[in-house]
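Asks: This is the structure I have questions about; it appears just below.
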Amino acid sequence: MQRMIHAMLLGLALLWSAQAQAVLEVTVTEGVTGAIPVAVAPFAWEGEGQPDEDVSRIVAQNLARSGLFDVEREDLPRPPSGPADFIAQPWADAGMEYLVVGSKRPDGDNVIVEFHVFDVLAEERLGGWRIPVPADMLRRGAHRVSDIVYEQITGDPGAFSARIAFVSVERRNDSREFSLEVADSDGANPRTLFRSEDPVMSPEWSPDGRELVYVSFENRRSEVFRQNVETGERNRIASFSGINSAPAWSPDGRHLALSLSRDGSPNIYVMDLESGDLRQVTRSGAIETEPVWSPDGETIYFTSDRAGAPQIYAQSVSGGNARRLTFESDYAAAAAISPDGRSLVYVHGGDDGFQLARLDLDDRRVTRLTDGQDAESPSFAPNGSMILYAMTDGGRGVLGSVSRDGQVHQRLSAREGEVREPAWSPLN
Amino acid sequence: MNNVFRLTLSAVVIAALSACATPTRDAEDAEREAAEAAEQESAEREGEGEGAEARALGRDREFDEAALDDPDSPLAERLVYFDFDRDEVKSEFMPMLEAHAAYLAENPGARMRLEGHTDERGTREYNLALGERRAQSVRRVLNLNGASDDQLEVISYGEEMPVAFEQNEEAWAKNRRVELVYESRR
């Protein structure tokens, strides 16, 4: 079991940034019963002074925020000084099932984060990792550590390293300021990518996580832009007559699905990003919008009111007939697809307002996920474990998240202004 | 720009007052919707008839730029309200729209932006499309009553630009609107 994995932190792009905005605060509002007890011992610092970030504290917060773990950081037995010193009994006596221990030491411009995960009940070490992290990116390093710990314990990849994009709105006297923000998955490190006095909406990530597409009204009408998150480079890519909306990047990164009303009524089109060529996918006089791609890139799910009220449909990208998928209410819209392609989470309108529901495509079962304030704009975590969404709390837009099974609920609130339309980045 | 802002504000006040007096209803029941649609169709036909009349009136009356600033003129009304998830122009807004159509017909140089809006309920992208559909409904009424297509520009802001921020039917009713904005007056 003496396994040492050297993981490099790849693709840690510095976000192109203006001033930090809209710091989000996370609270777990409802967790699962029977959460797994995990001890996260403080990571000792083997250098002078103190590093900027407390890595083990961020790891503990991430794990706790997932709602799957009952995390203990204090009143712990003395951590083993090395992997060979691990004795399970005191940890078992303390009621722990897993233990995370680690250390940090300076190495030039980097900090080497070393940590080990122990299975207390099995009395064995699950693994040890040594990760060099640029000293000014310790927070991102802590998210990477969290991902590894999460995967070791649950068997599923973590999504803490992924980022979230969202729209923030601040009211200033008579005007409002809209901004497109990108932050860590816990809401930390927010950066403003674009700011405007006119509305900004519908951010979606490119599959490589390097760019965002979104709708901006800066020219007093809806147009679609793409922007590089790292360099800030920005291009207008759809400005046809009528509305230009609801961009969604294809899984291969080469196409964009859009809702355009250039021919009079909004239909789904697919744009070749290299040539700019458009291909019309739906042809109806109804509202056809909110396209999402299946992970294999062959099916587009979208919202249509062709039956009189908005419902979700599926259609092959290459054409053919659309199949209606939702029948449970008078309002079903804004589908998000799980990374495995087997479930849709969508906005379900009924007597109790707009709630999130999950439709499992295999057996067409529908499960309600929320039952609070009106919810909208669902976005799956790249590991499929959770769904981020927007809701209104006391008249203010905040973000909520719910586990895939509807059991774990969290809320992310901006300290100022309101936040909406979250989009979870891919993992990379 | 200043001018337009002031105009829009006063129009909002007027329209808000009229919205308070407007009974709102929940149009969910399919049967009722069908009935409403039929009613709407007949209202639109009625509207066409009245439109011809209004055009004739318009010619006699000679609207000018000053008419747009006259708070007692039907032209001072710049807002059309809608029911939830609906895009039909209700008959109560026909006289006002006929007056604007007549003004546009009399003033071929005048340009109007029709800005469609929705309330916050439902999804943002769907609402963007719904706002456009509402603005298109208003454009059709104006077209039928003499305004020419190249005078009218339709845009939609969906739910992104509310004028009322509370979460209740009264606020939502104010937000489900099409704003008539005279372009030449910027």
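Letters for chains follow the order of the structure tokens (A, B, ...), residue numbers begin at 1 for each chain, and ligand numbers begin at 1 in the order shown.
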When the cut-off is 7 Å and we count only C-alpha atoms, which residues of chain B are near chain A, given as a count of residues only?
Replies: 9
Asks: Excluding A:Glu74 and residues on its chain fewer than 6 positions from it, collect all residues at most 12 Å away from it, counting only C-alpha atoms, and give them as a ChimeraX atom specification.
Replies: /A:38-42,56-57,60,94
Asks: List as a VMD selection string the protein and nucleic acid residues near stretch 203-213 of chain A, meaning an atom at most 7 Å away when only C-alpha atoms are counted, but skip any in the same chain fewer than 2 places from it.
Replies: chain A and resid 165 to 166 201 224 to 230 247 to 249 251 253 423 425 to 426
Asks: Could you write out, as a list in words, all the residues of stretch 145-183 of chain A that DSSP marks as alpha helix (DSSP H)?
Replies: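 Residues of stretch 145-183 of chain A classed as alpha helix (DSSP H): Val145, Ser146, Asp147, Ile148, Val149, Tyr150, Glu151, Gln152, Ile153 and Thr154 of chain A.
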Asks: Next, write the just-selected residues to a file, as a PDB file, in the first residue's frame, keeping N, CA and C atoms as the atom set.
Replies:
ATOM      1  N   VAL A 145      -7.302  18.729  -3.423  1.00  0.00           N
ATOM      2  CA  VAL A 145      -7.201  17.764  -2.323  1.00  0.00           C
ATOM      3  C   VAL A 145      -8.604  17.263  -1.957  1.00  0.00           C
ATOM      4  N   SER A 146      -9.551  18.184  -1.887  1.00  0.00           N
ATOM      5  CA  SER A 146     -10.930  17.811  -1.538  1.00  0.00           C
ATOM      6  C   SER A 146     -11.490  16.806  -2.546  1.00  0.00           C
ATOM      7  N   ASP A 147     -11.202  17.041  -3.832  1.00  0.00           N
ATOM      8  CA  ASP A 147     -11.685  16.125  -4.874  1.00  0.00           C
ATOM      9  C   ASP A 147     -11.149  14.716  -4.661  1.00  0.00           C
ATOM     10  N   ILE A 148      -9.862  14.645  -4.313  1.00  0.00           N
ATOM     11  CA  ILE A 148      -9.239  13.321  -4.132  1.00  0.00           C
ATOM     12  C   ILE A 148      -9.841  12.617  -2.915  1.00  0.00           C
ATOM     13  N   VAL A 149      -9.989  13.352  -1.827  1.00  0.00           N
ATOM     14  CA  VAL A 149     -10.557  12.757  -0.616  1.00  0.00           C
ATOM     15  C   VAL A 149     -11.987  12.285  -0.882  1.00  0.00           C
ATOM     16  N   TYR A 150     -12.738  13.136  -1.562  1.00  0.00           N
ATOM     17  CA  TYR A 150     -14.134  12.805  -1.885  1.00  0.00           C
ATOM     18  C   TYR A 150     -14.205  11.513  -2.693  1.00  0.00           C
ATOM     19  N   GLU A 151     -13.318  11.410  -3.687  1.00  0.00           N
ATOM     20  CA  GLU A 151     -13.336  10.230  -4.552  1.00  0.00           C
ATOM     21  C   GLU A 151     -12.903   8.974  -3.788  1.00  0.00           C
ATOM     22  N   GLN A 152     -11.910   9.127  -2.892  1.00  0.00           N
ATOM     23  CA  GLN A 152     -11.450   7.977  -2.125  1.00  0.00           C
ATOM     24  C   GLN A 152     -12.570   7.414  -1.249  1.00  0.00           C
ATOM     25  N   ILE A 153     -13.357   8.300  -0.673  1.00  0.00           N
ATOM     26  CA  ILE A 153     -14.372   7.844   0.271  1.00  0.00           C
ATOM     27  C   ILE A 153     -15.661   7.419  -0.430  1.00  0.00           C
ATOM     28  N   THR A 154     -16.075   8.169  -1.461  1.00  0.00           N
ATOM     29  CA  THR A 154     -17.373   7.868  -2.084  1.00  0.00           C
ATOM     30  C   THR A 154     -17.256   7.013  -3.340  1.00  0.00           C
TER      31      THR A 154
END
Asks: May I ask for the distance between atom CA of A:Pro90 and atom CA of A:Phe43, given in Å to one decimal place?
Replies: 18.9 Å
Asks: From the options B:Arg86, B:Arg140, B:Arg78, B:Arg177, which residue's atoms come nearest to B:Gly158, counting only C-alpha atoms?
Replies: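 Distance minimum relative to B:Gly158 lands on B:Arg177.
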Asks: List the neighbours of A:Pro80 out to 9 Å using only C-alpha atoms; skip same-chain residues closer than 6 positions along the sequence, and give me the result as an NGL selection string.
Replies: :A and (86-87 or 101)
Asks: Let me make sure I understand: among B:Val181, B:Leu144, B:Met161, B:Leu75, which one has the smallest atom-to-atom distance to B:Gly131 if we use only C-alpha atoms?
Replies: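 For B:Gly131, the nearest of the given residues is B:Met161.
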Asks: Please identify all polymer residues within 8 Å of B:Pro162, counting only C-alpha atoms, omitting same-chain residues fewer than 3 positions from it, and present them as a tab-separated table (two decimals) with N, CA and C atoms, in the first residue's frame.
Replies:
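Result file around-v9.tsv:
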chain	number	residue	atom	x	y	z
B	117	HIS	N	-41.77	42.62	-22.44
B	117	HIS	CA	-41.29	42.21	-21.11
B	117	HIS	C	-42.24	41.16	-20.51
B	118	THR	N	-41.72	40.42	-19.56
B	118	THR	CA	-42.54	39.42	-18.86
B	118	THR	C	-42.35	39.59	-17.36
B	119	ASP	N	-43.16	38.87	-16.60
B	119	ASP	CA	-42.89	38.84	-15.16
B	119	ASP	C	-41.80	37.81	-14.89
B	120	GLU	N	-41.42	37.67	-13.64
B	120	GLU	CA	-40.25	36.85	-13.31
B	120	GLU	C	-40.57	35.35	-13.27
B	159	GLU	N	-37.66	38.79	-18.83
B	159	GLU	CA	-37.94	39.20	-17.45
B	159	GLU	C	-36.81	40.05	-16.86
B	165	PHE	N	-40.78	45.32	-8.26
B	165	PHE	CA	-39.84	44.31	-7.75
B	165	PHE	C	-40.42	43.39	-6.68
B	175	ASN	N	-45.26	44.06	-14.67
B	175	ASN	CA	-44.07	43.68	-15.44
B	175	ASN	C	-44.40	42.99	-16.76
Asks: For a test of reading the model, state the distance in Å between atom CA of A:Glu97 and atom CA of A:Val120, rounded to one decimal.
Replies: 5.0 Å
Asks: Can you list every residue in stretch 70-311 of chain A that DSSP puts in strand (DSSP E), as a PyMOL selection string?
Replies: chain A and resi 70-72+98-107+110-119+124-134+163-172+175-184+191-196+200-205+211-216+223-228+234-238+244-249+255-260+267-272+278-280+288-293+299-304+311
Asks: Skip B:Arg113 itself and residues of its chain fewer than 3 positions away, then list as an MDAnalysis selection string all residues within 7 Å of it, counting only C-alpha atoms.
Replies: chainID B and resid 152:154 180:183
Asks: Could you check how far atom CA of A:Asp186 sits from atom CA of A:Arg163, in Å to one decimal?
Replies: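 According to the coordinates, atom CA of A:Asp186 and atom CA of A:Arg163 are separated by 8.3 Å.
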Asks: Can you pull out every residue within 12 Å of A:Val71, counting only C-alpha atoms, but drop anything in the same chain fewer than 4 positions away, and send it as an MDAnalysis selection string?
Replies: chainID A and resid 35:41 56:67 75:76 95:100
